[in-house]
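The structure appears right after this line, and notes come after that.
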Amino acid sequence: VRALDLGGGGSSAFVELYRAPEDPDGDYAMLHALSRTAGEGGALAVCRTDGLVTLLDPRAAPGGGGTGVHTQRVHEKKVFSADFSAAKPHLLATASLDRTVCLWDVRAFGGAGGKKAKPLATLEHGLSVTAARFSHSGDRLLTTCNDDLLRVFAGGKADKDWALQTAIKHNNKTGRYITSFQAEWLRGSDETVVCGSLLHPRGIDVFDASDGSAAERLEHDKVTSVAFLI
């Protein structure tokens, strides 16, 4: 993982913040994603293909592996995405190839990287889950699954309380040559979900999160390819 200070002028250069360590076989775990939101203490979550998540403090000294870096096992298989709740920065959601989304209190992390922590909640899905996103308020969680469903979960009073609210049918089978869909909340919204589409003409599907109804479809003659990421 590298960072660039965009305010540093022409002398700015990318600085390495983290590099996955070498395993006993001389291999390196692939880094699959970086959280779009910052969590407790400004930490970012780096998703790894070996089921681990690395919490990275971008303010730490470059080089990785030292102060500001903590690695925790959260799944037994590849972690596709991780997202912090803006309302509760200690709350982390991870989506995995193991067909689950798990909710974590990162303040409870601290065991060895090879030992799996205990999640606050585990949300079962039909197939691998490629994304999990908290809504603006943190009261809802949106997931994208390869079983052709976008799911909206509603949170309760406790961090561990999550219940399925809406399941939206959506063709998520992008195949091997197109990046998997990652549905998103409309920025600042708890009510509107947007996702790329495989339909022609190309566009973006918009849904009401409360009942899963199709709100509208955004199309433009300049959009000629699949909008897999938004």
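Chain lettering (A, B, ...) mirrors the order of the structure tokens, residue numbering begins at 1 for each chain separately, and ligand numbering begins at 1 in order of display.
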
Requested in this report: Using backbone DSSP assignments, extract all strand (DSSP E or B) residues from range 11-209 of chain A; output them as a ChimeraX atom specification.
Outcome: /A:15-16,22,28,31-34,44-48,52-56,69-73,79-84,91-96,100-105,116,121-124,129-134,140-145,149-155,162-169,184-185,192-196,203-208

For range 133-182 of chain A against range 76-92 of chain A, with a cut-off of 8 Å and counting only C-alpha atoms, what is the closest atom pair and its distance in Å to one decimal for every residue that makes the cut, ordered by chain and number, as a tab-separated table?
residue	atom	partner	partner_atom	distance
A:Arg133	CA	A:Asp83	CA	5.9
A:Phe134	CA	A:Ser85	CA	5.7
A:Ser135	CA	A:Ser85	CA	7.8
A:His136	CA	A:Ala86	CA	6.9
A:Ser137	CA	A:Ala87	CA	6.0
A:Gly138	CA	A:Ser85	CA	5.4
A:Asp159	CA	A:Leu91	CA	7.6

Put those residues in a file: N, CA and C atoms, as a tab-separated table (two decimals), in the first residue's frame.
chain	number	residue	atom	x	y	z
A	133	ARG	N	-21.26	-2.38	2.68
A	133	ARG	CA	-21.17	-0.93	2.83
A	133	ARG	C	-22.18	-0.43	3.87
A	134	PHE	N	-21.69	0.33	4.85
A	134	PHE	CA	-22.58	0.98	5.79
A	134	PHE	C	-23.24	2.19	5.14
A	135	SER	N	-24.48	2.46	5.54
A	135	SER	CA	-25.15	3.66	5.08
A	135	SER	C	-24.58	4.88	5.79
A	136	HIS	N	-25.03	6.06	5.38
A	136	HIS	CA	-24.50	7.31	5.93
A	136	HIS	C	-24.64	7.38	7.44
A	137	SER	N	-25.80	6.96	7.96
A	137	SER	CA	-26.04	7.02	9.40
A	137	SER	C	-25.44	5.85	10.15
A	138	GLY	N	-25.07	4.79	9.42
A	138	GLY	CA	-24.57	3.57	10.04
A	138	GLY	C	-25.67	2.63	10.49
A	159	ASP	N	-24.48	-3.26	18.82
A	159	ASP	CA	-23.66	-3.44	17.62
A	159	ASP	C	-23.84	-4.82	17.00

Report task. Would you please work out which residue, of A:Gly8, A:Gly196, A:Pro58, A:Gly155, is nearest to Ala183 in chain A when using only C-alpha atoms? Result -> A:Gly196

Query raised in the report: CA of Leu44 in chain A and CA of Gly10 in chain A are how many Å apart?
Result: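 If I compute the distance from CA of Leu44 in chain A to CA of Gly10 in chain A, I get 26.1 Å.
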
For range 118-209 of chain A against range 96-105 of chain A, with a cut-off of 6 Å and counting only C-alpha atoms, what is the closest atom pair and its distance in Å to one decimal for every residue that makes the cut, ordered by chain and number, as CSV?
residue,atom,partner,partner_atom,distance
A:Pro119,CA,A:Trp104,CA,5.0
A:Leu120,CA,A:Leu103,CA,5.4
A:Ala121,CA,A:Leu103,CA,5.2
A:Thr122,CA,A:Cys102,CA,4.5
A:Leu123,CA,A:Val101,CA,5.1
A:Glu124,CA,A:Thr100,CA,4.8
A:His125,CA,A:Arg99,CA,5.2
A:Leu127,CA,A:Arg99,CA,4.9
A:Ser128,CA,A:Arg99,CA,4.3
A:Val129,CA,A:Ser96,CA,5.4

Take the selection from the previous step and output its residues with all heavy atoms, as a PDB file, in the first residue's frame.
ATOM      1  N   PRO A 119     -16.468 -12.553  15.979  1.00  0.00           N
ATOM      2  CA  PRO A 119     -17.273 -11.456  15.446  1.00  0.00           C
ATOM      3  C   PRO A 119     -18.455 -11.117  16.347  1.00  0.00           C
ATOM      4  O   PRO A 119     -18.949 -11.964  17.101  1.00  0.00           O
ATOM      5  CB  PRO A 119     -17.754 -12.006  14.094  1.00  0.00           C
ATOM      6  CG  PRO A 119     -17.777 -13.487  14.279  1.00  0.00           C
ATOM      7  CD  PRO A 119     -16.639 -13.799  15.203  1.00  0.00           C
ATOM      8  N   LEU A 120     -18.916  -9.883  16.248  1.00  0.00           N
ATOM      9  CA  LEU A 120     -20.132  -9.479  16.946  1.00  0.00           C
ATOM     10  C   LEU A 120     -21.346 -10.156  16.326  1.00  0.00           C
ATOM     11  O   LEU A 120     -22.287 -10.545  17.018  1.00  0.00           O
ATOM     12  CB  LEU A 120     -20.306  -7.960  16.864  1.00  0.00           C
ATOM     13  CG  LEU A 120     -19.241  -7.104  17.546  1.00  0.00           C
ATOM     14  CD1 LEU A 120     -19.426  -5.643  17.156  1.00  0.00           C
ATOM     15  CD2 LEU A 120     -19.327  -7.261  19.056  1.00  0.00           C
ATOM     16  N   ALA A 121     -21.320 -10.292  14.995  1.00  0.00           N
ATOM     17  CA  ALA A 121     -22.424 -10.915  14.267  1.00  0.00           C
ATOM     18  C   ALA A 121     -21.899 -11.490  12.971  1.00  0.00           C
ATOM     19  O   ALA A 121     -20.929 -10.973  12.387  1.00  0.00           O
ATOM     20  CB  ALA A 121     -23.530  -9.897  13.984  1.00  0.00           C
ATOM     21  N   THR A 122     -22.522 -12.567  12.512  1.00  0.00           N
ATOM     22  CA  THR A 122     -22.188 -13.181  11.234  1.00  0.00           C
ATOM     23  C   THR A 122     -23.458 -13.254  10.399  1.00  0.00           C
ATOM     24  O   THR A 122     -24.459 -13.831  10.826  1.00  0.00           O
ATOM     25  CB  THR A 122     -21.614 -14.598  11.422  1.00  0.00           C
ATOM     26  OG1 THR A 122     -20.415 -14.526  12.198  1.00  0.00           O
ATOM     27  CG2 THR A 122     -21.291 -15.231  10.079  1.00  0.00           C
ATOM     28  N   LEU A 123     -23.434 -12.657   9.217  1.00  0.00           N
ATOM     29  CA  LEU A 123     -24.589 -12.609   8.327  1.00  0.00           C
ATOM     30  C   LEU A 123     -24.350 -13.588   7.179  1.00  0.00           C
ATOM     31  O   LEU A 123     -23.461 -13.377   6.350  1.00  0.00           O
ATOM     32  CB  LEU A 123     -24.792 -11.183   7.797  1.00  0.00           C
ATOM     33  CG  LEU A 123     -24.830 -10.077   8.861  1.00  0.00           C
ATOM     34  CD1 LEU A 123     -24.972  -8.716   8.205  1.00  0.00           C
ATOM     35  CD2 LEU A 123     -25.939 -10.322   9.872  1.00  0.00           C
ATOM     36  N   GLU A 124     -25.119 -14.651   7.153  1.00  0.00           N
ATOM     37  CA  GLU A 124     -24.949 -15.700   6.151  1.00  0.00           C
ATOM     38  C   GLU A 124     -25.521 -15.263   4.797  1.00  0.00           C
ATOM     39  O   GLU A 124     -26.561 -14.606   4.734  1.00  0.00           O
ATOM     40  CB  GLU A 124     -25.637 -16.984   6.606  1.00  0.00           C
ATOM     41  CG  GLU A 124     -25.132 -17.541   7.944  1.00  0.00           C
ATOM     42  CD  GLU A 124     -23.748 -18.159   7.834  1.00  0.00           C
ATOM     43  OE1 GLU A 124     -23.296 -18.427   6.692  1.00  0.00           O
ATOM     44  OE2 GLU A 124     -23.132 -18.389   8.896  1.00  0.00           O
ATOM     45  N   HIS A 125     -24.835 -15.677   3.724  1.00  0.00           N
ATOM     46  CA  HIS A 125     -25.273 -15.397   2.363  1.00  0.00           C
ATOM     47  C   HIS A 125     -25.250 -16.681   1.534  1.00  0.00           C
ATOM     48  O   HIS A 125     -24.680 -17.689   1.962  1.00  0.00           O
ATOM     49  CB  HIS A 125     -24.375 -14.341   1.721  1.00  0.00           C
ATOM     50  CG  HIS A 125     -24.575 -12.958   2.265  1.00  0.00           C
ATOM     51  ND1 HIS A 125     -24.276 -12.611   3.565  1.00  0.00           N
ATOM     52  CD2 HIS A 125     -25.057 -11.827   1.673  1.00  0.00           C
ATOM     53  CE1 HIS A 125     -24.558 -11.326   3.759  1.00  0.00           C
ATOM     54  NE2 HIS A 125     -25.031 -10.827   2.624  1.00  0.00           N
ATOM     55  N   LEU A 127     -23.867 -17.187  -1.609  1.00  0.00           N
ATOM     56  CA  LEU A 127     -22.584 -17.400  -2.287  1.00  0.00           C
ATOM     57  C   LEU A 127     -21.592 -16.354  -1.769  1.00  0.00           C
ATOM     58  O   LEU A 127     -21.864 -15.673  -0.782  1.00  0.00           O
ATOM     59  CB  LEU A 127     -22.752 -17.308  -3.814  1.00  0.00           C
ATOM     60  CG  LEU A 127     -23.498 -18.465  -4.502  1.00  0.00           C
ATOM     61  CD1 LEU A 127     -23.739 -18.160  -5.967  1.00  0.00           C
ATOM     62  CD2 LEU A 127     -22.744 -19.777  -4.344  1.00  0.00           C
ATOM     63  N   SER A 128     -20.453 -16.240  -2.429  1.00  0.00           N
ATOM     64  CA  SER A 128     -19.439 -15.290  -1.977  1.00  0.00           C
ATOM     65  C   SER A 128     -19.985 -13.865  -2.008  1.00  0.00           C
ATOM     66  O   SER A 128     -20.800 -13.507  -2.862  1.00  0.00           O
ATOM     67  CB  SER A 128     -18.189 -15.405  -2.847  1.00  0.00           C
ATOM     68  OG  SER A 128     -18.499 -15.190  -4.210  1.00  0.00           O
ATOM     69  N   VAL A 129     -19.511 -13.056  -1.054  1.00  0.00           N
ATOM     70  CA  VAL A 129     -19.985 -11.681  -0.909  1.00  0.00           C
ATOM     71  C   VAL A 129     -18.862 -10.735  -1.320  1.00  0.00           C
ATOM     72  O   VAL A 129     -17.776 -10.763  -0.742  1.00  0.00           O
ATOM     73  CB  VAL A 129     -20.415 -11.395   0.544  1.00  0.00           C
ATOM     74  CG1 VAL A 129     -21.163 -10.066   0.618  1.00  0.00           C
ATOM     75  CG2 VAL A 129     -21.284 -12.525   1.084  1.00  0.00           C
TER      76      VAL A 129
END

Requested in this report: Measuring atom to atom with only C-alpha atoms, identify which of A:His200, A:Ala3, A:Gln72, A:Val194 is nearest to Ala215 in chain A.
Outcome: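 The closest residue to Ala215 in chain A is A:Val194.
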
Query - helix (DSSP H, G or I) residues, from DSSP on the backbone, in range 14-182 of chain A, as a list in words - result: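 After running DSSP on the backbone, range 14-182 of chain A has helix (DSSP H, G or I) at Glu40, Gly41, Gly42, Val106, Arg107 and Ala108 of chain A.
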
Take the residues just selected and output them with N, CA and C atoms as a PDB file, in the first residue's frame.
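See selection.pdb below for the written result:
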ATOM      1  N   GLU A  40     -11.563   3.611  13.765  1.00  0.00           N
ATOM      2  CA  GLU A  40     -11.039   4.041  15.064  1.00  0.00           C
ATOM      3  C   GLU A  40      -9.595   4.522  14.934  1.00  0.00           C
ATOM      4  N   GLY A  41      -9.338   5.754  15.367  1.00  0.00           N
ATOM      5  CA  GLY A  41      -7.989   6.302  15.315  1.00  0.00           C
ATOM      6  C   GLY A  41      -7.497   6.623  13.926  1.00  0.00           C
ATOM      7  N   GLY A  42      -8.416   6.703  12.947  1.00  0.00           N
ATOM      8  CA  GLY A  42      -8.035   7.007  11.574  1.00  0.00           C
ATOM      9  C   GLY A  42      -7.509   5.820  10.800  1.00  0.00           C
ATOM     10  N   VAL A 106     -13.317  -3.437  16.416  1.00  0.00           N
ATOM     11  CA  VAL A 106     -11.860  -3.477  16.250  1.00  0.00           C
ATOM     12  C   VAL A 106     -11.129  -3.192  17.556  1.00  0.00           C
ATOM     13  N   ARG A 107     -11.833  -2.666  18.544  1.00  0.00           N
ATOM     14  CA  ARG A 107     -11.193  -2.425  19.839  1.00  0.00           C
ATOM     15  C   ARG A 107     -10.875  -3.741  20.542  1.00  0.00           C
ATOM     16  N   ALA A 108     -11.552  -4.823  20.092  1.00  0.00           N
ATOM     17  CA  ALA A 108     -11.314  -6.140  20.689  1.00  0.00           C
ATOM     18  C   ALA A 108     -10.222  -6.908  19.960  1.00  0.00           C
TER      19      ALA A 108
END

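Counting only C-alpha atoms and comparing A:Ala43, A:Arg48, A:Gly7, A:Ala227, the residue that lies closest to Arg19 in chain A is A:Arg48.
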